[in-house]
file entry-v3.txt (compact mmCIF, C-alpha atoms)
# COMPACT_ATOMS: atom_id res chain seq x y z
CA MET A 4 0.00 0.00 0.00
CA ILE A 5 1.30 3.36 -0.95
CA VAL A 6 0.97 6.19 1.49
CA ILE A 7 0.38 9.49 -0.16
CA SER A 8 1.56 12.59 1.57
CA PRO A 9 -0.27 15.90 1.20
CA ALA A 10 2.72 17.28 -0.59
CA ALA A 11 2.42 14.53 -3.17
CA ARG A 12 -1.08 15.56 -3.97
CA SER A 13 0.10 19.02 -4.80
CA VAL A 14 2.76 17.61 -7.12
CA LYS A 15 0.22 15.37 -8.81
CA ASN A 16 -1.91 18.30 -9.75
CA SER A 17 0.86 20.68 -10.62
CA ALA A 18 1.80 21.39 -14.20
CA PRO A 19 4.81 19.39 -15.33
CA THR A 20 8.01 21.34 -15.46
CA HIS A 21 9.98 21.58 -18.65
CA GLY A 22 12.88 19.27 -19.05
CA GLY A 23 14.12 16.19 -20.87
CA GLU A 24 15.80 12.97 -19.92
CA LEU A 25 19.04 11.77 -21.40
CA PHE A 26 20.51 8.44 -20.37
CA GLY A 27 18.50 8.46 -17.19
CA PHE A 28 19.53 11.92 -16.11
CA ALA A 29 16.98 14.64 -16.02
CA LEU A 30 17.89 17.88 -17.71
CA GLY A 31 15.97 21.08 -17.46
CA GLY A 32 14.67 23.17 -14.63
CA GLY A 33 13.23 22.66 -11.17
CA TRP A 34 11.78 19.41 -9.88
CA ARG A 35 10.25 16.94 -12.21
CA ARG A 36 8.09 13.90 -11.73
CA THR A 37 9.51 10.70 -13.15
CA ARG A 38 7.63 8.37 -15.44
CA PHE A 39 7.25 5.91 -12.59
CA GLU A 40 5.82 8.65 -10.47
CA ARG A 41 3.40 9.61 -13.19
CA LEU A 42 2.28 6.00 -13.44
CA LEU A 43 1.54 5.98 -9.76
CA GLY A 44 -0.20 9.25 -10.27
CA MET A 45 0.58 10.86 -6.99
CA CYS A 46 3.69 9.64 -5.26
CA ARG A 47 6.25 12.32 -4.73
CA ILE A 48 9.21 10.58 -6.28
CA VAL A 49 11.21 13.44 -7.64
CA LYS A 50 14.85 14.06 -8.43
CA PRO A 51 16.85 17.23 -8.78
CA VAL A 52 17.81 18.38 -12.25
CA SER A 53 20.34 20.91 -13.45
CA SER A 54 19.53 24.53 -13.84
CA PRO A 55 18.03 25.59 -17.19
CA HIS A 56 20.26 28.59 -17.13
CA ASN A 57 23.55 26.78 -17.54
CA PRO A 58 25.34 28.71 -20.29
CA GLY A 59 28.39 26.45 -20.13
CA MET A 60 26.43 23.40 -21.23
CA HIS A 61 24.90 25.34 -24.10
CA TYR A 62 28.28 26.37 -25.49
CA VAL A 63 29.74 22.90 -25.05
CA ARG A 64 26.85 21.47 -27.05
CA LEU A 65 27.27 24.15 -29.72
CA PHE A 66 31.01 23.51 -29.98
CA GLY A 67 30.39 19.78 -30.29
CA LYS A 68 28.02 20.33 -33.17
CA PHE A 69 30.54 22.64 -34.81
CA LEU A 70 33.28 20.00 -34.57
CA ILE A 71 30.99 17.35 -36.05
CA SER A 72 30.17 19.68 -38.96
CA VAL A 73 33.83 20.48 -39.61
CA GLY A 74 34.66 16.77 -39.47
CA PHE A 75 31.95 16.02 -42.00
CA GLY A 76 33.37 18.81 -44.20
CA ILE A 77 36.82 17.20 -44.06
CA LEU A 78 35.29 13.88 -45.11
CA LEU A 79 33.65 15.66 -48.06
CA PHE A 80 37.03 17.12 -49.00
CA VAL A 81 38.73 13.71 -48.88
CA ALA A 82 35.97 12.15 -50.97
CA TRP A 83 36.26 14.93 -53.55
CA THR A 84 40.05 14.68 -53.65
CA LEU A 85 40.17 10.91 -54.07
CA TRP A 86 37.15 10.29 -56.28
CA GLY A 87 35.44 13.51 -57.35
CA THR A 88 38.50 14.85 -59.15
CA GLY A 89 38.72 11.59 -61.12
CA LEU A 90 35.29 12.21 -62.64
CA TYR A 91 36.53 15.48 -64.13
CA THR A 92 39.67 13.83 -65.55
CA SER A 93 37.69 10.95 -67.02
CA GLN A 94 35.38 13.39 -68.78
CA GLN A 95 38.34 15.41 -70.10
CA GLN A 96 40.11 12.26 -71.32
CA ASP A 97 37.04 11.28 -73.35
CA ILE A 98 37.05 14.70 -75.02
CA LEU A 99 40.82 14.59 -75.62
CA GLU A 100 40.76 11.10 -77.10
CA LYS A 101 38.02 12.01 -79.57
CA ALA A 102 39.84 15.18 -80.59
CA PHE A 103 43.14 13.31 -80.91
CA ALA A 104 41.59 10.59 -83.05
CA ALA A 105 40.08 13.20 -85.36
CA GLU A 106 43.43 14.89 -86.05
CA PRO A 107 45.16 14.13 -89.34
CA PRO A 108 48.46 12.22 -89.27
CA ILE A 109 51.76 14.10 -89.57
CA GLU A 110 53.95 12.78 -92.36
CA LEU A 111 57.55 12.34 -91.23
CA GLU A 112 60.44 10.37 -92.60
CA LEU A 113 62.04 8.32 -89.86
CA ASP A 114 65.80 7.91 -89.90
CA GLN A 115 66.53 4.45 -88.49
CA GLY A 116 63.35 4.70 -86.43
CA ILE A 117 64.22 8.16 -85.10
CA ALA A 118 61.86 11.03 -85.82
CA THR A 119 62.68 14.72 -86.15
CA LEU A 120 59.79 17.09 -85.80
CA PRO A 121 59.84 20.54 -87.38
CA PRO A 122 60.41 23.45 -84.94
CA SER A 123 57.02 24.77 -85.95
CA PHE A 124 55.36 21.89 -84.05
CA GLN A 125 54.32 23.79 -80.93
CA PRO A 126 50.94 22.60 -79.62
CA PRO A 127 49.19 24.92 -77.14
CA PRO A 128 48.97 24.04 -73.43
CA GLY A 129 46.28 21.49 -72.63
CA LYS A 130 46.10 20.02 -76.14
CA GLY A 131 46.37 16.25 -76.52
CA VAL A 132 49.74 15.48 -78.09
CA PHE A 133 50.10 11.69 -77.99
CA LEU A 134 48.51 8.58 -76.55
CA LEU A 135 50.42 6.82 -73.77
CA ARG A 136 49.85 3.11 -73.22
CA ILE A 137 51.47 0.91 -70.57
CA PRO A 138 50.00 -2.62 -70.82
CA ALA A 139 51.68 -3.82 -67.60
CA ILE A 140 49.58 -1.47 -65.48
CA ASP A 141 46.62 -1.24 -67.87
CA LEU A 142 47.17 2.46 -68.52
CA ARG A 143 45.80 4.30 -71.53
CA GLN A 144 45.84 8.10 -71.35
CA VAL A 145 46.07 11.00 -73.75
CA VAL A 146 49.09 13.11 -72.79
CA VAL A 147 48.52 16.85 -72.91
CA GLU A 148 51.02 19.62 -73.54
CA GLY A 149 52.25 21.26 -70.32
CA VAL A 150 52.52 20.18 -66.70
CA GLY A 151 50.75 23.05 -64.96
CA THR A 152 47.86 22.50 -62.57
CA GLU A 153 45.21 22.98 -65.26
CA GLU A 154 46.93 20.64 -67.73
CA LEU A 155 47.51 17.81 -65.24
CA ARG A 156 43.84 17.87 -64.30
CA LYS A 157 43.13 16.59 -67.80
CA GLY A 158 45.73 13.83 -67.79
CA PRO A 159 49.49 13.21 -67.84
CA GLY A 160 51.45 16.20 -69.15
CA HIS A 161 54.39 16.51 -71.53
CA PHE A 162 57.19 18.74 -70.24
CA PRO A 163 57.40 21.75 -72.56
CA SER A 164 60.41 23.94 -73.23
CA CYS A 165 60.89 27.04 -71.09
CA ARG A 166 61.92 28.80 -74.31
CA ARG A 167 58.26 28.84 -75.33
CA GLY A 168 57.31 30.95 -72.34
CA PHE A 169 56.36 28.26 -69.82
CA ASP A 170 57.25 29.06 -66.22
CA ARG A 171 60.01 27.22 -64.33
CA PRO A 172 60.05 24.67 -62.79
CA LEU A 173 57.26 23.31 -64.97
CA CYS A 174 59.37 23.17 -68.11
CA THR A 175 62.78 22.09 -69.38
CA ASP A 176 65.55 24.55 -70.19
CA LEU A 177 66.29 22.52 -73.32
CA ASP A 178 64.17 22.02 -76.40
CA ALA A 179 61.13 19.84 -75.79
CA ILE A 180 61.61 16.30 -77.05
CA TRP A 181 58.73 14.40 -78.68
CA PRO A 182 58.15 10.64 -78.93
CA GLY A 183 60.56 9.06 -81.38
CA GLU A 184 63.08 11.91 -81.24
CA LEU A 185 66.60 11.63 -79.90
CA GLY A 186 66.68 12.81 -76.32
CA ARG A 187 64.37 12.62 -73.35
CA VAL A 188 60.58 12.82 -73.53
CA ILE A 189 59.38 13.78 -70.04
CA VAL A 190 55.84 13.01 -68.91
CA SER A 191 54.47 13.95 -65.49
CA GLY A 192 51.20 12.70 -64.01
CA HIS A 193 49.05 12.56 -60.89
CA ARG A 194 49.42 9.65 -58.52
CA THR A 195 46.62 10.32 -56.03
CA THR A 196 44.13 12.80 -57.45
CA TYR A 197 42.54 13.56 -60.83
CA GLY A 198 42.18 9.96 -61.93
CA ALA A 199 45.63 9.04 -60.56
CA PRO A 200 46.96 7.83 -63.94
CA PHE A 201 50.38 7.00 -62.45
CA TYR A 202 49.00 5.31 -59.33
CA GLU A 203 50.74 2.03 -60.14
CA LEU A 204 53.88 3.41 -61.75
CA ASP A 205 56.01 1.77 -59.05
CA ARG A 206 54.91 -1.65 -60.30
CA LEU A 207 56.79 -1.25 -63.59
CA GLN A 208 59.76 -3.56 -63.97
CA PRO A 209 62.73 -3.47 -66.37
CA GLY A 210 61.59 -4.74 -69.74
CA ASP A 211 57.97 -3.53 -69.42
CA GLU A 212 56.72 -1.70 -72.49
CA ILE A 213 55.74 1.95 -72.65
CA ILE A 214 54.05 2.79 -75.94
CA ALA A 215 53.67 6.32 -77.27
CA GLU A 216 51.21 6.63 -80.17
CA ALA A 217 51.79 9.96 -81.85
CA LYS A 218 50.41 11.37 -85.08
CA TRP A 219 53.79 10.77 -86.75
CA GLY A 220 54.23 7.17 -85.59
CA THR A 221 54.04 4.66 -82.76
CA PHE A 222 57.13 4.24 -80.61
CA THR A 223 57.78 1.50 -78.09
CA TYR A 224 60.09 2.02 -75.15
CA GLU A 225 61.35 -0.52 -72.61
CA VAL A 226 61.70 0.29 -68.93
CA THR A 227 65.34 0.28 -67.85
CA GLU A 228 65.29 1.55 -64.28
CA LYS A 229 63.36 3.34 -61.54
CA GLU A 230 64.61 6.04 -59.24
CA ILE A 231 63.33 8.03 -56.26
CA VAL A 232 64.57 11.60 -55.94
CA PRO A 233 63.84 14.61 -53.71
CA PRO A 234 60.75 16.56 -54.77
CA ASP A 235 62.71 19.63 -55.89
CA SER A 236 65.20 17.75 -58.06
CA ARG A 237 65.46 19.22 -61.58
CA ASP A 238 68.01 16.77 -62.92
CA ILE A 239 65.60 14.81 -65.09
CA ALA A 240 64.31 17.95 -66.77
CA ASN A 241 67.75 19.03 -67.95
CA PRO A 242 69.65 15.92 -69.04
CA ALA A 243 72.97 15.87 -70.82
CA ALA A 244 72.84 15.50 -74.59
CA SER A 245 71.55 12.03 -75.32
CA THR A 246 72.55 9.65 -78.10
CA PHE A 247 69.38 7.60 -77.76
CA ALA A 248 65.65 8.17 -77.52
CA GLU A 249 64.13 7.70 -74.11
CA ILE A 250 60.94 8.49 -72.21
CA VAL A 251 60.85 9.41 -68.54
CA LEU A 252 57.69 9.21 -66.45
CA THR A 253 57.55 11.10 -63.18
CA THR A 254 55.04 11.32 -60.34
CA CYS A 255 54.76 11.82 -56.59
CA ASN A 256 56.03 9.18 -54.18
CA PRO A 257 54.93 7.44 -52.04
CA ARG A 258 51.22 7.22 -52.75
CA PHE A 259 49.19 9.89 -50.95
CA SER A 260 52.35 11.90 -50.32
CA ALA A 261 54.53 14.40 -52.12
CA ALA A 262 57.65 13.81 -50.02
CA GLU A 263 59.58 12.31 -52.96
CA ARG A 264 59.35 11.81 -56.68
CA LEU A 265 59.29 8.49 -58.50
CA ILE A 266 60.98 8.42 -61.88
CA VAL A 267 60.78 5.62 -64.43
CA TYR A 268 63.28 5.56 -67.31
CA ALA A 269 62.63 3.72 -70.54
CA ARG A 270 64.68 3.48 -73.75
CA ILE A 271 63.28 3.13 -77.22
CA SER A 272 63.17 -0.43 -78.48
CA PRO A 273 65.35 -1.13 -81.53
CA MET B 25 14.66 21.93 -22.48
CA THR B 26 11.80 23.16 -24.56
CA LYS B 27 10.41 21.01 -27.33
CA ARG B 28 11.44 22.46 -30.69
CA SER B 29 9.48 22.43 -33.90
CA TRP B 30 10.69 20.40 -36.90
CA LYS B 31 11.26 23.65 -38.77
CA SER B 32 13.64 24.83 -36.12
CA ARG B 33 15.53 21.52 -36.17
CA LEU B 34 15.67 21.52 -39.98
CA GLY B 35 16.97 25.08 -39.94
CA GLU B 36 19.73 24.14 -37.55
CA LEU B 37 20.65 21.11 -39.67
CA LEU B 38 20.91 23.31 -42.75
CA ILE B 39 23.18 25.73 -40.90
CA TRP B 40 25.53 22.91 -39.89
CA LEU B 41 25.44 21.49 -43.42
CA THR B 42 26.49 24.91 -44.67
CA VAL B 43 29.38 24.87 -42.21
CA SER B 44 30.42 21.42 -43.53
CA ILE B 45 30.29 22.48 -47.17
CA ALA B 46 32.17 25.71 -46.40
CA THR B 47 34.86 23.67 -44.65
CA ALA B 48 35.17 21.35 -47.65
CA LEU B 49 35.39 24.28 -50.10
CA ILE B 50 38.05 26.03 -48.01
CA MET B 51 40.11 22.83 -47.87
CA ILE B 52 39.77 22.28 -51.62
CA ALA B 53 40.92 25.86 -52.27
CA LEU B 54 43.85 25.42 -49.89
CA SER B 55 44.83 22.08 -51.39
CA GLU B 56 45.03 23.64 -54.86
CA ARG B 57 47.62 26.07 -53.51
CA LEU B 58 49.52 23.78 -51.18
CA LEU B 59 49.71 20.45 -52.97
CA PRO B 60 52.29 20.00 -55.73
CA ALA B 61 51.00 20.03 -59.30
CA ASN B 62 51.19 16.27 -59.81
CA PHE B 63 50.11 15.04 -56.36
call {"tool": "encode", "arguments": {"input": "entry-v3.txt", "output": "structure tokens"}}
result
Amino acid sequence: MIVISPAARSVKNSAPTHGGELFGFALGGGWRRTRFERLLGMCRIVKPVSSPHNPGMHYVRLFGKFLISVGFGILLFVAWTLWGTGLYTSQQQDILEKAFAAEPPIELELDQGIATLPPSFQPPPGKGVFLLRIPAIDLRQVVVEGVGTEELRKGPGHFPSCRRGFDRPLCTDLDAIWPGELGRVIVSGHRTTYGAPFYELDRLQPGDEIIAEAKWGTFTYEVTEKEIVPPDSRDIANPAASTFAEIVLTTCNPRFSAAERLIVYARISP
Amino acid sequence: MTKRSWKSRLGELLIWLTVSIATALIMIALSERLLPANF
């Protein structure tokens, strides 16, 4: 039998105070009847709750929500960087490949398999200049002229000559070399973002083929070696005069980092 | 704690979503400047 005190009767008939319950703790103001008490209808089983005028709790809650929102924003950024940028590159590659296929061939006479392009061949930045294929890592990309931020968003970029007005360090101090020519063709590409065309460049082994399909011919190179250099190294961009044709692919190393640069050298196949 | 209307809760959610998107945009803008060209 439950004994009801006079005070309990007054609680029973009083208007409920405002407040909420979280994990068994009552929040809000004043005294509040519990659910059990309400079931009984009259017993004065009450517990103290915190003051409704606690500004500290309000700001803590607000700061928590702010941190959650910022964290969600960082997740959005990571998703965009890893996958969203690839959508743009994929779309640009489709456009470049169609435009490249529609271009007429360039008639050149090869001297023992070595091409020599006229000095007038100076494609504008961002234009597709040749098709790069590496069967060992299932890569097929149209290489664009230039290695600036805008160009590399479209795909791997061919190092241009600084003599054409490109800004250092995104150019070579020598004349630009094209596939099939004597000297070093330099191609730079993304490894983490914008489709990551060179994501698996480290998997290449000596002897693997690198094929450059240009409008003046198709040239096959064989990987000779790999090298990791500091990120500010400019040695590959300004090689000594070469007596053979080679292609050099460069990208960031390791994956998801720009602490070093990975370089793959390949010589033209006889 | 007073009971809030769904409009009030939706409004607050939109504000925090705006904060999230603003954070993402700021980080994208910063990454374009800070990351190397071929990252």
call {"tool": "closest_atom_pairs", "arguments": {"input": "entry-v3.txt", "of": "chain A", "to": "chain B", "cutoff": "9 Å", "atoms": "all atoms listed in the file", "output": "CSV"}}
result
residue,atom,partner,partner_atom,distance
A:His21,CA,B:Met25,CA,6.1
A:Gly22,CA,B:Met25,CA,4.7
A:Gly23,CA,B:Met25,CA,6.0
A:Leu30,CA,B:Met25,CA,7.0
A:Gly31,CA,B:Met25,CA,5.3
A:Gly32,CA,B:Met25,CA,7.9
A:Pro55,CA,B:Met25,CA,7.3
A:Lys68,CA,B:Trp40,CA,7.6
A:Phe69,CA,B:Trp40,CA,7.1
A:Ile71,CA,B:Ser44,CA,8.5
A:Ser72,CA,B:Ser44,CA,4.9
A:Val73,CA,B:Ser44,CA,5.3
A:Gly74,CA,B:Ser44,CA,7.5
A:Phe75,CA,B:Ser44,CA,5.8
A:Gly76,CA,B:Ser44,CA,4.0
A:Ile77,CA,B:Ala48,CA,5.7
A:Leu78,CA,B:Ala48,CA,7.9
A:Leu79,CA,B:Ala48,CA,5.9
A:Phe80,CA,B:Ala48,CA,4.8
A:Val81,CA,B:Ala48,CA,8.5
A:Trp83,CA,B:Ile52,CA,8.4
A:Thr84,CA,B:Ile52,CA,7.9
A:Val150,CA,B:Ala61,CA,7.6
A:Gly151,CA,B:Ala61,CA,6.4
A:Thr152,CA,B:Ala61,CA,5.2
A:Glu153,CA,B:Ala61,CA,8.8
A:Leu155,CA,B:Asn62,CA,6.7
A:Arg156,CA,B:Asn62,CA,8.8
A:Pro159,CA,B:Asn62,CA,8.8
A:Ser191,CA,B:Asn62,CA,7.0
A:Gly192,CA,B:Asn62,CA,5.5
A:His193,CA,B:Asn62,CA,4.4
A:Arg194,CA,B:Phe63,CA,5.8
A:Thr195,CA,B:Phe63,CA,5.9
A:Thr196,CA,B:Phe63,CA,6.5
A:Tyr197,CA,B:Phe63,CA,8.9
A:Ala199,CA,B:Phe63,CA,8.6
A:Thr253,CA,B:Asn62,CA,8.9
A:Thr254,CA,B:Asn62,CA,6.3
A:Cys255,CA,B:Phe63,CA,5.7
A:Asn256,CA,B:Phe63,CA,8.6
A:Arg258,CA,B:Phe63,CA,8.7
A:Phe259,CA,B:Phe63,CA,7.5
A:Ser260,CA,B:Phe63,CA,7.2
A:Ala261,CA,B:Phe63,CA,6.2
call {"tool": "write_last_selection", "arguments": {"input": "entry-v3.txt", "atoms": "C-alpha atoms", "output": "CSV table (one decimal), in the coordinates of the input"}}
result
chain,number,residue,atom,x,y,z
A,21,HIS,CA,10.0,21.6,-18.6
A,22,GLY,CA,12.9,19.3,-19.0
A,23,GLY,CA,14.1,16.2,-20.9
A,30,LEU,CA,17.9,17.9,-17.7
A,31,GLY,CA,16.0,21.1,-17.5
A,32,GLY,CA,14.7,23.2,-14.6
A,55,PRO,CA,18.0,25.6,-17.2
A,68,LYS,CA,28.0,20.3,-33.2
A,69,PHE,CA,30.5,22.6,-34.8
A,71,ILE,CA,31.0,17.4,-36.0
A,72,SER,CA,30.2,19.7,-39.0
A,73,VAL,CA,33.8,20.5,-39.6
A,74,GLY,CA,34.7,16.8,-39.5
A,75,PHE,CA,32.0,16.0,-42.0
A,76,GLY,CA,33.4,18.8,-44.2
A,77,ILE,CA,36.8,17.2,-44.1
A,78,LEU,CA,35.3,13.9,-45.1
A,79,LEU,CA,33.6,15.7,-48.1
A,80,PHE,CA,37.0,17.1,-49.0
A,81,VAL,CA,38.7,13.7,-48.9
A,83,TRP,CA,36.3,14.9,-53.6
A,84,THR,CA,40.0,14.7,-53.6
A,150,VAL,CA,52.5,20.2,-66.7
A,151,GLY,CA,50.8,23.0,-65.0
A,152,THR,CA,47.9,22.5,-62.6
A,153,GLU,CA,45.2,23.0,-65.3
A,155,LEU,CA,47.5,17.8,-65.2
A,156,ARG,CA,43.8,17.9,-64.3
A,159,PRO,CA,49.5,13.2,-67.8
A,191,SER,CA,54.5,14.0,-65.5
A,192,GLY,CA,51.2,12.7,-64.0
A,193,HIS,CA,49.0,12.6,-60.9
A,194,ARG,CA,49.4,9.6,-58.5
A,195,THR,CA,46.6,10.3,-56.0
A,196,THR,CA,44.1,12.8,-57.4
A,197,TYR,CA,42.5,13.6,-60.8
A,199,ALA,CA,45.6,9.0,-60.6
A,253,THR,CA,57.6,11.1,-63.2
A,254,THR,CA,55.0,11.3,-60.3
A,255,CYS,CA,54.8,11.8,-56.6
A,256,ASN,CA,56.0,9.2,-54.2
A,258,ARG,CA,51.2,7.2,-52.8
A,259,PHE,CA,49.2,9.9,-51.0
A,260,SER,CA,52.4,11.9,-50.3
A,261,ALA,CA,54.5,14.4,-52.1
call {"tool": "residues_near_point", "arguments": {"input": "entry-v3.txt", "point": "(68.2, 5.3, -86.5)", "cutoff": "12 Å", "atoms": "all atoms listed in the file", "output": "number ranges by chain"}}
result
A: 112-119, 183-185, 246-248, 271-273
call {"tool": "write_last_selection", "arguments": {"input": "entry-v3.txt", "atoms": "C-alpha atoms", "output": "mmCIF file, keeping the file's coordinate frame"}}
result
data_model
loop_
_atom_site.group_PDB
_atom_site.id
_atom_site.type_symbol
_atom_site.label_atom_id
_atom_site.label_comp_id
_atom_site.auth_asym_id
_atom_site.auth_seq_id
_atom_site.Cartn_x
_atom_site.Cartn_y
_atom_site.Cartn_z
ATOM 1 C CA GLU A 112 60.440 10.370 -92.600
ATOM 2 C CA LEU A 113 62.040 8.320 -89.860
ATOM 3 C CA ASP A 114 65.800 7.910 -89.900
ATOM 4 C CA GLN A 115 66.530 4.450 -88.490
ATOM 5 C CA GLY A 116 63.350 4.700 -86.430
ATOM 6 C CA ILE A 117 64.220 8.160 -85.100
ATOM 7 C CA ALA A 118 61.860 11.030 -85.820
ATOM 8 C CA THR A 119 62.680 14.720 -86.150
ATOM 9 C CA GLY A 183 60.560 9.060 -81.380
ATOM 10 C CA GLU A 184 63.080 11.910 -81.240
ATOM 11 C CA LEU A 185 66.600 11.630 -79.900
ATOM 12 C CA THR A 246 72.550 9.650 -78.100
ATOM 13 C CA PHE A 247 69.380 7.600 -77.760
ATOM 14 C CA ALA A 248 65.650 8.170 -77.520
ATOM 15 C CA ILE A 271 63.280 3.130 -77.220
ATOM 16 C CA SER A 272 63.170 -0.430 -78.480
ATOM 17 C CA PRO A 273 65.350 -1.130 -81.530
#
call {"tool": "residues_near_point", "arguments": {"input": "entry-v3.txt", "point": "(51.1, 21.4, -82.9)", "cutoff": "12 Å", "atoms": "all atoms listed in the file", "output": "list in words"}}
result
Phe103, Glu106, Pro107, Pro108, Ile109, Leu120, Pro121, Pro122, Ser123, Phe124, Gln125, Pro126, Pro127, Pro128, Gly129, Lys130, Gly131, Val132, Phe133, Val147, Glu148, Trp181, Ala217, Lys218 and Trp219 of chain A
call {"tool": "atom_distance", "arguments": {"input": "entry-v3.txt", "atom1": "atom CA of Ala105 of chain A", "atom2": "atom CA of Val190 of chain A"}}
result
22.8 Å
call {"tool": "atom_distance", "arguments": {"input": "entry-v3.txt", "atom1": "atom CA of Ala243 of chain A", "atom2": "atom CA of His161 of chain A"}}
result
18.6 Å
call {"tool": "closest_residue", "arguments": {"input": "entry-v3.txt", "among": "A:Leu65, A:Ile213, A:Ala240, A:Leu142", "to": "Arg187 of chain A", "atoms": "all atoms listed in the file"}}
result
A:Ala240
